[in-house]
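This is start_19.pdb (PDB, C-alpha atoms, pLDDT in the B column).
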ATOM      1  CA  MET F   1     -62.980  30.095-116.913  1.00 48.00           C
ATOM      2  CA  ASP F   2     -64.257  31.746-113.701  1.00 47.00           C
ATOM      3  CA  GLU F   3     -63.362  28.700-111.676  1.00 46.00           C
ATOM      4  CA  PHE F   4     -59.805  28.755-113.002  1.00 47.00           C
ATOM      5  CA  GLN F   5     -59.419  32.414-112.108  1.00 46.00           C
ATOM      6  CA  LEU F   6     -60.855  31.744-108.666  1.00 46.00           C
ATOM      7  CA  SER F   7     -58.283  29.082-107.938  1.00 61.00           C
ATOM      8  CA  GLU F   8     -55.482  31.392-109.144  1.00 60.00           C
ATOM      9  CA  GLU F   9     -56.619  34.036-106.712  1.00 66.00           C
ATOM     10  CA  THR F  10     -56.755  31.635-103.807  1.00 72.00           C
ATOM     11  CA  ALA F  11     -53.608  29.641-104.594  1.00 80.00           C
ATOM     12  CA  PHE F  12     -50.177  30.014-103.029  1.00 80.00           C
ATOM     13  CA  VAL F  13     -48.123  31.336-105.940  1.00 85.00           C
ATOM     14  CA  VAL F  14     -44.485  30.556-105.208  1.00 87.00           C
ATOM     15  CA  ASP F  15     -43.020  32.951-107.808  1.00 88.00           C
ATOM     16  CA  ASP F  16     -44.923  35.976-106.520  1.00 88.00           C
ATOM     17  CA  ILE F  17     -43.955  35.227-102.971  1.00 90.00           C
ATOM     18  CA  THR F  18     -40.308  34.682-103.881  1.00 92.00           C
ATOM     19  CA  THR F  19     -40.231  38.073-105.584  1.00 91.00           C
ATOM     20  CA  ILE F  20     -41.840  39.783-102.591  1.00 91.00           C
ATOM     21  CA  ILE F  21     -39.313  38.252-100.194  1.00 92.00           C
ATOM     22  CA  GLN F  22     -36.290  39.028-102.365  1.00 92.00           C
ATOM     23  CA  ASP F  23     -37.356  42.656-102.684  1.00 91.00           C
ATOM     24  CA  THR F  24     -37.927  42.884 -98.936  1.00 91.00           C
ATOM     25  CA  VAL F  25     -34.499  41.491 -98.061  1.00 91.00           C
ATOM     26  CA  GLU F  26     -32.768  43.631-100.687  1.00 91.00           C
ATOM     27  CA  THR F  27     -34.447  46.743 -99.318  1.00 91.00           C
ATOM     28  CA  THR F  28     -33.724  45.880 -95.695  1.00 90.00           C
ATOM     29  CA  ILE F  29     -30.143  44.641 -95.902  1.00 88.00           C
ATOM     30  CA  GLY F  30     -29.019  45.445 -99.451  1.00 87.00           C
ATOM     31  CA  SER F  31     -25.272  45.839 -99.602  1.00 84.00           C
ATOM     32  CA  SER F  32     -24.760  46.570 -95.877  1.00 87.00           C
ATOM     33  CA  ALA F  33     -22.028  44.640 -94.106  1.00 88.00           C
ATOM     34  CA  TYR F  34     -22.943  42.301 -91.240  1.00 86.00           C
ATOM     35  CA  GLN F  35     -23.250  44.371 -88.071  1.00 86.00           C
ATOM     36  CA  GLN F  36     -24.063  42.740 -84.772  1.00 85.00           C
ATOM     37  CA  ASN F  37     -25.847  45.753 -83.350  1.00 88.00           C
ATOM     38  CA  ARG F  38     -28.184  46.035 -86.308  1.00 87.00           C
ATOM     39  CA  ILE F  39     -28.969  42.400 -86.828  1.00 88.00           C
ATOM     40  CA  ASN F  40     -31.969  42.370 -84.454  1.00 87.00           C
ATOM     41  CA  GLN F  41     -33.496  45.198 -86.381  1.00 89.00           C
ATOM     42  CA  TRP F  42     -32.864  43.522 -89.730  1.00 88.00           C
ATOM     43  CA  THR F  43     -34.465  40.192 -88.863  1.00 89.00           C
ATOM     44  CA  SER F  44     -37.511  41.907 -87.344  1.00 89.00           C
ATOM     45  CA  SER F  45     -37.822  44.209 -90.300  1.00 89.00           C
ATOM     46  CA  VAL F  46     -37.552  41.385 -92.834  1.00 89.00           C
ATOM     47  CA  VAL F  47     -40.239  39.246 -91.190  1.00 89.00           C
ATOM     48  CA  GLU F  48     -42.605  42.119 -90.470  1.00 89.00           C
ATOM     49  CA  THR F  49     -42.358  43.678 -93.900  1.00 90.00           C
ATOM     50  CA  SER F  50     -42.695  40.301 -95.623  1.00 90.00           C
ATOM     51  CA  LEU F  51     -45.750  39.457 -93.561  1.00 90.00           C
ATOM     52  CA  ASN F  52     -47.322  42.825 -94.317  1.00 90.00           C
ATOM     53  CA  GLN F  53     -46.795  42.325 -98.036  1.00 91.00           C
ATOM     54  CA  LEU F  54     -48.156  38.783 -97.902  1.00 90.00           C
ATOM     55  CA  SER F  55     -51.272  39.751 -96.000  1.00 89.00           C
ATOM     56  CA  LYS F  56     -51.891  42.518 -98.549  1.00 90.00           C
ATOM     57  CA  LEU F  57     -52.257  39.795-101.207  1.00 88.00           C
ATOM     58  CA  GLY F  58     -55.613  39.089 -99.593  1.00 88.00           C
ATOM     59  CA  LYS F  59     -55.459  35.328-100.105  1.00 89.00           C
ATOM     60  CA  PRO F  60     -57.201  32.914 -97.689  1.00 90.00           C
ATOM     61  CA  PHE F  61     -53.975  31.756 -96.009  1.00 90.00           C
ATOM     62  CA  LYS F  62     -52.372  31.866 -92.601  1.00 90.00           C
ATOM     63  CA  TYR F  63     -48.658  32.672 -93.025  1.00 91.00           C
ATOM     64  CA  ILE F  64     -45.564  31.843 -91.026  1.00 91.00           C
ATOM     65  CA  VAL F  65     -42.369  33.650 -92.027  1.00 91.00           C
ATOM     66  CA  THR F  66     -39.010  32.709 -90.539  1.00 90.00           C
ATOM     67  CA  CYS F  67     -35.769  34.519 -91.242  1.00 91.00           C
ATOM     68  CA  ILE F  68     -32.214  33.397 -90.524  1.00 90.00           C
ATOM     69  CA  ILE F  69     -29.327  35.827 -90.937  1.00 89.00           C
ATOM     70  CA  LEU F  70     -25.839  34.373 -90.776  1.00 87.00           C
ATOM     71  CA  GLN F  71     -22.475  36.061 -90.930  1.00 87.00           C
ATOM     72  CA  LYS F  72     -20.177  34.698 -93.630  1.00 87.00           C
ATOM     73  CA  ASN F  73     -17.153  33.281 -91.923  1.00 84.00           C
ATOM     74  CA  GLY F  74     -16.939  29.696 -93.052  1.00 83.00           C
ATOM     75  CA  ALA F  75     -19.308  28.226 -90.438  1.00 82.00           C
ATOM     76  CA  GLY F  76     -21.661  25.506 -91.588  1.00 82.00           C
ATOM     77  CA  LEU F  77     -25.392  26.001 -91.237  1.00 85.00           C
ATOM     78  CA  HIS F  78     -28.022  23.406 -91.958  1.00 86.00           C
ATOM     79  CA  THR F  79     -31.784  23.823 -91.717  1.00 87.00           C
ATOM     80  CA  ALA F  80     -34.634  21.385 -92.290  1.00 88.00           C
ATOM     81  CA  SER F  81     -38.373  21.577 -91.856  1.00 88.00           C
ATOM     82  CA  SER F  82     -41.133  19.032 -91.769  1.00 88.00           C
ATOM     83  CA  CYS F  83     -44.831  19.783 -92.020  1.00 89.00           C
ATOM     84  CA  PHE F  84     -47.999  17.975 -91.047  1.00 89.00           C
ATOM     85  CA  TRP F  85     -50.662  19.744 -93.110  1.00 90.00           C
ATOM     86  CA  ASP F  86     -53.055  19.507 -96.015  1.00 89.00           C
ATOM     87  CA  ASN F  87     -50.864  18.479 -98.952  1.00 89.00           C
ATOM     88  CA  THR F  88     -53.289  19.726-101.581  1.00 89.00           C
ATOM     89  CA  MET F  89     -53.656  23.273-100.310  1.00 88.00           C
ATOM     90  CA  ASP F  90     -50.708  24.185 -98.124  1.00 91.00           C
ATOM     91  CA  ARG F  91     -47.337  25.239 -99.474  1.00 90.00           C
ATOM     92  CA  SER F  92     -43.990  26.609 -98.451  1.00 91.00           C
ATOM     93  CA  CYS F  93     -41.185  28.399-100.185  1.00 91.00           C
ATOM     94  CA  THR F  94     -37.647  29.258 -99.197  1.00 92.00           C
ATOM     95  CA  VAL F  95     -35.628  32.209-100.451  1.00 93.00           C
ATOM     96  CA  ARG F  96     -31.834  32.249-100.091  1.00 92.00           C
ATOM     97  CA  TRP F  97     -30.094  35.586-100.439  1.00 92.00           C
ATOM     98  CA  GLU F  98     -26.529  36.699 -99.873  1.00 90.00           C
ATOM     99  CA  ASN F  99     -24.234  39.647-100.134  1.00 89.00           C
ATOM    100  CA  LYS F 100     -20.506  39.932 -99.468  1.00 90.00           C
ATOM    101  CA  THR F 101     -20.714  39.419 -95.677  1.00 89.00           C
ATOM    102  CA  THR F 102     -24.126  37.966 -94.910  1.00 89.00           C
ATOM    103  CA  TYR F 103     -26.404  35.070 -95.777  1.00 90.00           C
ATOM    104  CA  CYS F 104     -30.147  35.450 -95.332  1.00 90.00           C
ATOM    105  CA  ILE F 105     -32.594  32.550 -95.529  1.00 91.00           C
ATOM    106  CA  VAL F 106     -36.326  33.280 -95.431  1.00 92.00           C
ATOM    107  CA  CYS F 107     -38.944  30.505 -95.267  1.00 92.00           C
ATOM    108  CA  VAL F 108     -42.598  31.233 -95.888  1.00 92.00           C
ATOM    109  CA  PHE F 109     -45.243  28.668 -94.981  1.00 91.00           C
ATOM    110  CA  GLY F 110     -48.789  29.183 -96.269  1.00 91.00           C
ATOM    111  CA  LEU F 111     -51.612  27.247 -94.626  1.00 90.00           C
ATOM    112  CA  ALA F 112     -54.971  27.370 -96.338  1.00 89.00           C
ATOM    113  CA  VAL F 113     -57.812  28.573 -94.195  1.00 84.00           C
TER     114      VAL F 113
ATOM    115  CA  MET G   1     -90.186  14.634 -82.546  1.00 47.00           C
ATOM    116  CA  GLU G   2     -88.144  11.513 -81.946  1.00 46.00           C
ATOM    117  CA  GLU G   3     -85.234  13.098 -83.814  1.00 48.00           C
ATOM    118  CA  TYR G   4     -85.276  16.029 -81.422  1.00 48.00           C
ATOM    119  CA  ASN G   5     -83.655  14.650 -78.339  1.00 47.00           C
ATOM    120  CA  SER G   6     -83.960  15.893 -74.809  1.00 48.00           C
ATOM    121  CA  GLY G   7     -83.467  19.625 -74.275  1.00 45.00           C
ATOM    122  CA  GLU G   8     -80.301  19.053 -72.251  1.00 46.00           C
ATOM    123  CA  GLU G   9     -78.233  18.184 -75.258  1.00 50.00           C
ATOM    124  CA  VAL G  10     -79.055  21.362 -77.128  1.00 52.00           C
ATOM    125  CA  SER G  11     -79.326  23.902 -74.342  1.00 56.00           C
ATOM    126  CA  PHE G  12     -76.480  26.211 -73.437  1.00 59.00           C
ATOM    127  CA  ASN G  13     -74.066  24.617 -71.007  1.00 59.00           C
ATOM    128  CA  ALA G  14     -72.525  27.109 -68.625  1.00 59.00           C
ATOM    129  CA  ASP G  15     -69.491  24.827 -68.228  1.00 61.00           C
ATOM    130  CA  GLU G  16     -68.599  25.314 -71.885  1.00 57.00           C
ATOM    131  CA  ALA G  17     -66.974  28.656 -71.121  1.00 56.00           C
ATOM    132  CA  SER G  18     -64.594  27.088 -68.600  1.00 59.00           C
ATOM    133  CA  VAL G  19     -63.840  24.272 -71.054  1.00 56.00           C
ATOM    134  CA  SER G  20     -62.029  26.703 -73.360  1.00 70.00           C
ATOM    135  CA  VAL G  21     -59.768  27.801 -70.492  1.00 76.00           C
ATOM    136  CA  LYS G  22     -59.085  24.153 -69.663  1.00 76.00           C
ATOM    137  CA  GLU G  23     -58.289  23.537 -73.316  1.00 72.00           C
ATOM    138  CA  MET G  24     -55.800  26.393 -73.331  1.00 72.00           C
ATOM    139  CA  LEU G  25     -54.064  25.096 -70.232  1.00 77.00           C
ATOM    140  CA  ASP G  26     -54.104  21.663 -71.756  1.00 77.00           C
ATOM    141  CA  CYS G  27     -52.332  23.046 -74.842  1.00 74.00           C
ATOM    142  CA  VAL G  28     -49.727  24.731 -72.681  1.00 76.00           C
ATOM    143  CA  VAL G  29     -49.015  21.443 -70.918  1.00 79.00           C
ATOM    144  CA  PHE G  30     -48.930  19.658 -74.261  1.00 77.00           C
ATOM    145  CA  LEU G  31     -46.359  22.111 -75.635  1.00 77.00           C
ATOM    146  CA  ALA G  32     -44.280  21.914 -72.455  1.00 81.00           C
ATOM    147  CA  ASP G  33     -44.187  18.118 -72.734  1.00 80.00           C
ATOM    148  CA  TRP G  34     -43.205  18.426 -76.359  1.00 80.00           C
ATOM    149  CA  LEU G  35     -40.383  20.830 -75.516  1.00 82.00           C
ATOM    150  CA  VAL G  36     -38.966  18.275 -73.088  1.00 83.00           C
ATOM    151  CA  SER G  37     -39.257  15.403 -75.552  1.00 83.00           C
ATOM    152  CA  VAL G  38     -37.589  17.434 -78.323  1.00 85.00           C
ATOM    153  CA  SER G  39     -34.672  18.344 -76.043  1.00 86.00           C
ATOM    154  CA  GLN G  40     -34.254  14.681 -75.214  1.00 85.00           C
ATOM    155  CA  CYS G  41     -34.467  13.757 -78.890  1.00 85.00           C
ATOM    156  CA  ILE G  42     -31.759  16.260 -79.862  1.00 87.00           C
ATOM    157  CA  GLU G  43     -29.570  14.994 -77.021  1.00 87.00           C
ATOM    158  CA  GLY G  44     -30.105  11.450 -78.254  1.00 87.00           C
ATOM    159  CA  ILE G  45     -29.247  12.243 -81.873  1.00 88.00           C
ATOM    160  CA  ILE G  46     -26.335  14.703 -81.575  1.00 88.00           C
ATOM    161  CA  GLY G  47     -25.598  14.735 -77.839  1.00 86.00           C
ATOM    162  CA  GLY G  48     -21.871  14.223 -77.475  1.00 85.00           C
ATOM    163  CA  LEU G  49     -20.990  14.487 -81.187  1.00 89.00           C
ATOM    164  CA  ASP G  50     -18.916  17.139 -82.932  1.00 89.00           C
ATOM    165  CA  TYR G  51     -20.210  19.070 -85.941  1.00 87.00           C
ATOM    166  CA  ASN G  52     -19.768  16.840 -88.975  1.00 87.00           C
ATOM    167  CA  GLN G  53     -20.625  18.217 -92.395  1.00 86.00           C
ATOM    168  CA  ASN G  54     -21.308  14.766 -93.841  1.00 89.00           C
ATOM    169  CA  LYS G  55     -23.792  13.855 -91.178  1.00 90.00           C
ATOM    170  CA  VAL G  56     -25.590  17.123 -90.521  1.00 90.00           C
ATOM    171  CA  ASN G  57     -28.158  16.478 -93.282  1.00 89.00           C
ATOM    172  CA  GLN G  58     -29.106  13.241 -91.609  1.00 90.00           C
ATOM    173  CA  TRP G  59     -29.252  14.848 -88.163  1.00 90.00           C
ATOM    174  CA  THR G  60     -31.604  17.659 -89.147  1.00 90.00           C
ATOM    175  CA  ALA G  61     -33.874  15.192 -90.955  1.00 90.00           C
ATOM    176  CA  SER G  62     -33.998  12.861 -87.933  1.00 90.00           C
ATOM    177  CA  ILE G  63     -34.708  15.684 -85.542  1.00 90.00           C
ATOM    178  CA  VAL G  64     -37.607  17.141 -87.539  1.00 90.00           C
ATOM    179  CA  GLU G  65     -39.118  13.723 -88.204  1.00 89.00           C
ATOM    180  CA  HIS G  66     -38.931  12.644 -84.616  1.00 87.00           C
ATOM    181  CA  SER G  67     -40.312  15.978 -83.365  1.00 86.00           C
ATOM    182  CA  LEU G  68     -43.202  15.909 -85.827  1.00 87.00           C
ATOM    183  CA  THR G  69     -44.051  12.314 -84.916  1.00 87.00           C
ATOM    184  CA  GLN G  70     -44.239  13.264 -81.239  1.00 83.00           C
ATOM    185  CA  LEU G  71     -46.665  16.067 -82.081  1.00 83.00           C
ATOM    186  CA  VAL G  72     -48.879  14.036 -84.392  1.00 85.00           C
ATOM    187  CA  LYS G  73     -49.098  11.137 -81.899  1.00 84.00           C
ATOM    188  CA  GLN G  74     -51.062  13.371 -79.547  1.00 80.00           C
ATOM    189  CA  GLY G  75     -53.951  13.378 -82.005  1.00 82.00           C
ATOM    190  CA  ARG G  76     -54.656  17.102 -81.706  1.00 82.00           C
ATOM    191  CA  PRO G  77     -56.696  18.908 -84.376  1.00 85.00           C
ATOM    192  CA  PHE G  78     -53.748  20.986 -85.583  1.00 86.00           C
ATOM    193  CA  LYS G  79     -51.488  21.314 -88.608  1.00 87.00           C
ATOM    194  CA  PHE G  80     -47.809  21.381 -87.538  1.00 88.00           C
ATOM    195  CA  ILE G  81     -44.657  22.882 -88.977  1.00 89.00           C
ATOM    196  CA  VAL G  82     -41.317  21.903 -87.439  1.00 89.00           C
ATOM    197  CA  ASN G  83     -38.137  23.754 -88.384  1.00 89.00           C
ATOM    198  CA  CYS G  84     -34.619  22.739 -87.311  1.00 90.00           C
ATOM    199  CA  ALA G  85     -31.383  24.701 -87.781  1.00 89.00           C
ATOM    200  CA  ILE G  86     -27.968  23.301 -86.858  1.00 89.00           C
ATOM    201  CA  MET G  87     -25.022  25.661 -86.907  1.00 88.00           C
ATOM    202  CA  GLN G  88     -21.341  25.065 -86.348  1.00 87.00           C
ATOM    203  CA  LYS G  89     -19.811  27.068 -83.513  1.00 87.00           C
ATOM    204  CA  SER G  90     -17.158  29.175 -85.115  1.00 84.00           C
ATOM    205  CA  GLY G  91     -17.731  32.661 -83.790  1.00 82.00           C
ATOM    206  CA  ALA G  92     -20.084  33.648 -86.590  1.00 80.00           C
ATOM    207  CA  GLY G  93     -23.195  35.565 -85.651  1.00 78.00           C
ATOM    208  CA  LEU G  94     -26.548  33.911 -86.251  1.00 81.00           C
ATOM    209  CA  HIS G  95     -29.912  35.557 -85.814  1.00 83.00           C
ATOM    210  CA  THR G  96     -33.324  34.029 -86.454  1.00 84.00           C
ATOM    211  CA  ALA G  97     -36.771  35.589 -86.275  1.00 85.00           C
ATOM    212  CA  ASN G  98     -40.256  34.501 -87.165  1.00 84.00           C
ATOM    213  CA  SER G  99     -43.528  36.293 -87.649  1.00 85.00           C
ATOM    214  CA  CYS G 100     -46.940  34.723 -88.050  1.00 86.00           C
ATOM    215  CA  TYR G 101     -50.203  35.825 -89.599  1.00 86.00           C
ATOM    216  CA  TRP G 102     -52.746  33.480 -88.049  1.00 86.00           C
ATOM    217  CA  ASP G 103     -55.607  33.145 -85.615  1.00 86.00           C
ATOM    218  CA  THR G 104     -54.088  34.208 -82.291  1.00 84.00           C
ATOM    219  CA  ALA G 105     -56.894  32.476 -80.390  1.00 83.00           C
ATOM    220  CA  THR G 106     -56.095  29.004 -81.709  1.00 83.00           C
ATOM    221  CA  ASP G 107     -52.548  29.055 -83.109  1.00 85.00           C
ATOM    222  CA  GLY G 108     -49.191  29.149 -81.366  1.00 84.00           C
ATOM    223  CA  SER G 109     -45.495  28.374 -81.592  1.00 85.00           C
ATOM    224  CA  CYS G 110     -42.577  27.417 -79.396  1.00 86.00           C
ATOM    225  CA  THR G 111     -38.799  27.165 -79.820  1.00 88.00           C
ATOM    226  CA  VAL G 112     -36.163  24.856 -78.349  1.00 88.00           C
ATOM    227  CA  ARG G 113     -32.523  26.054 -78.199  1.00 89.00           C
ATOM    228  CA  TRP G 114     -29.791  23.497 -77.569  1.00 90.00           C
ATOM    229  CA  GLU G 115     -26.009  23.546 -77.794  1.00 89.00           C
ATOM    230  CA  ASN G 116     -22.937  21.469 -77.171  1.00 88.00           C
ATOM    231  CA  ARG G 117     -19.213  22.135 -77.581  1.00 89.00           C
ATOM    232  CA  THR G 118     -19.226  22.442 -81.380  1.00 89.00           C
ATOM    233  CA  MET G 119     -22.734  23.316 -82.514  1.00 89.00           C
ATOM    234  CA  TYR G 120     -26.021  25.062 -81.865  1.00 89.00           C
ATOM    235  CA  CYS G 121     -29.402  23.536 -82.648  1.00 90.00           C
ATOM    236  CA  VAL G 122     -32.651  25.523 -82.801  1.00 89.00           C
ATOM    237  CA  VAL G 123     -35.998  23.771 -83.272  1.00 90.00           C
TER     238      VAL G 123
END

Rewrite the structure of this file - the entire thing - as structure tokens.
Amino acid sequence: MDEFQLSEETAFVVDDITTIIQDTVETTIGSSAYQQNRINQWTSSVVETSLNQLSKLGKPFKYIVTCIILQKNGAGLHTASSCFWDNTMDRSCTVRWENKTTYCIVCVFGLAV
Amino acid sequence: MEEYNSGEEVSFNADEASVSVKEMLDCVVFLADWLVSVSQCIEGIIGGLDYNQNKVNQWTASIVEHSLTQLVKQGRPFKFIVNCAIMQKSGAGLHTANSCYWDTATDGSCTVRWENRTMYCVV
């Protein structure tokens, strides 16, 4: 029973992380329209806030958070990632978010320490 | 007593301190070489081509696989994450950022930006 709880506390829980990221993006961008002069601030804010929240979870992971913000105007965007890591312990999750004028894609990679 | 070898192997080696600086420089060179090989790889895969929605899946996959293979071939004691984004040039604004919670002494990242007439590629 204790061992199960221990692994829960040290595991990369995708649902929790997805919720954290969605809340962060919603709070940072919300229903604002795409604005070129604010975009720098938004991407920095999303990654910093997400990272803060993730480190507060206190799990034994190193985290990498990447954020892509794209204006909606019909352009195509394609992203891919490949990882050379420990398959049993390391995980990633991607959160896609959009509002009327903006797409936001946040990827979180968790590498077990 | 036989198990305990000569004192030289267990005593402090003053050169060890300079080894870590050499290792850091070595890593910088390693990353610089990788940057060059990734640029060449992107040029080889999508060089003179126009953005093509049907093929872009295949392009991103090839680029990340090739880049990761180049990194792993070096045999370094690291885990690697390679990310590739290809975007059509149509006047839209694109902004990417990344933030990392890691060991700043041992971990690092680098980015390659490439473009042609019809698309941007960021690795």

Using all atoms listed in the file, which residues of chain G come within 8 Å of chain F, and what is the closest atom pair for each, with the distance in Å to one decimal? Give it as a tab-separated table, sorted by chain and residue number.
residue	atom	partner	partner_atom	distance
G:Gln53	CA	F:Gly76	CA	7.4
G:Val56	CA	F:His78	CA	6.9
G:Asn57	CA	F:His78	CA	7.1
G:Thr60	CA	F:Ala80	CA	5.7
G:Ala61	CA	F:Ala80	CA	6.4
G:Val64	CA	F:Ser82	CA	5.8
G:Glu65	CA	F:Ser82	CA	6.7
G:Leu68	CA	F:Ser82	CA	7.0
G:Val72	CA	F:Phe84	CA	7.8
G:Lys79	CA	F:Trp85	CA	4.8
G:Phe80	CA	F:Phe84	CA	4.9
G:Ile81	CA	F:Cys83	CA	4.3
G:Val82	CA	F:Ser82	CA	5.2
G:Asn83	CA	F:Ser81	CA	4.1
G:Cys84	CA	F:Ala80	CA	5.2
G:Ala85	CA	F:Thr79	CA	4.1
G:Ile86	CA	F:His78	CA	5.1
G:Met87	CA	F:Leu77	CA	4.4
G:Gln88	CA	F:Gly76	CA	5.3
G:Lys89	CA	F:Ala75	CA	7.0
G:Ser90	CA	F:Ala75	CA	5.8
G:Ala92	CA	F:Gln71	CA	5.5
G:Gly93	CA	F:Gln71	CA	5.4
G:Leu94	CA	F:Leu70	CA	4.6
G:His95	CA	F:Ile69	CA	5.2
G:Thr96	CA	F:Ile68	CA	4.3
G:Ala97	CA	F:Cys67	CA	5.2
G:Asn98	CA	F:Thr66	CA	4.0
G:Ser99	CA	F:Val65	CA	5.2
G:Cys100	CA	F:Ile64	CA	4.4
G:Tyr101	CA	F:Tyr63	CA	4.9
G:Trp102	CA	F:Lys62	CA	4.8
G:Asp103	CA	F:Lys62	CA	7.8

Quiz item: What is the distance, in Å and to one decimal place, between atom CA of G:Thr118 and atom CA of G:Leu35?
Solution: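 Separation of atom CA of G:Thr118 and atom CA of G:Leu35: 22.0 Å.
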
Quiz item: List as number ranges by chain: which residues have an atom within 12 Å of (-37.4, 39.3, -105.2), counting only C-alpha atoms?
Solution: F: 14-27, 30, 50, 94-97, 106

Quiz prompt | Surrounding residues of G:Glu115 excluding itself and chain neighbours under 6 positions, 9 Å, all atoms listed in the file, as a PyMOL selection string | solution = chain G and resi 47+121-122

Quiz item: Near G:Glu43, within 12 Å and counting all atoms listed in the file, which residues show up once chain neighbours fewer than 2 positions away are dropped, as number ranges by chain?
Solution: G: 36-41, 45-49, 59, 62-63, 112-116, 120-121

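For the pair atom CA of F:Ala112 and atom CA of F:Met89, the interatomic distance is 5.9 Å.
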
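Here atom CA of G:Gln70 is placed at a distance of 15.0 Å from atom CA of G:Thr111.
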
Quiz item: If you count all atoms listed in the file, which residues fall within 9 Å of stretch 17-31 of chain G, apart from same-chain ones fewer than 4 positions away, as a PyMOL selection string?
Solution: chain G and resi 13+35-36+71+74+106+109-110
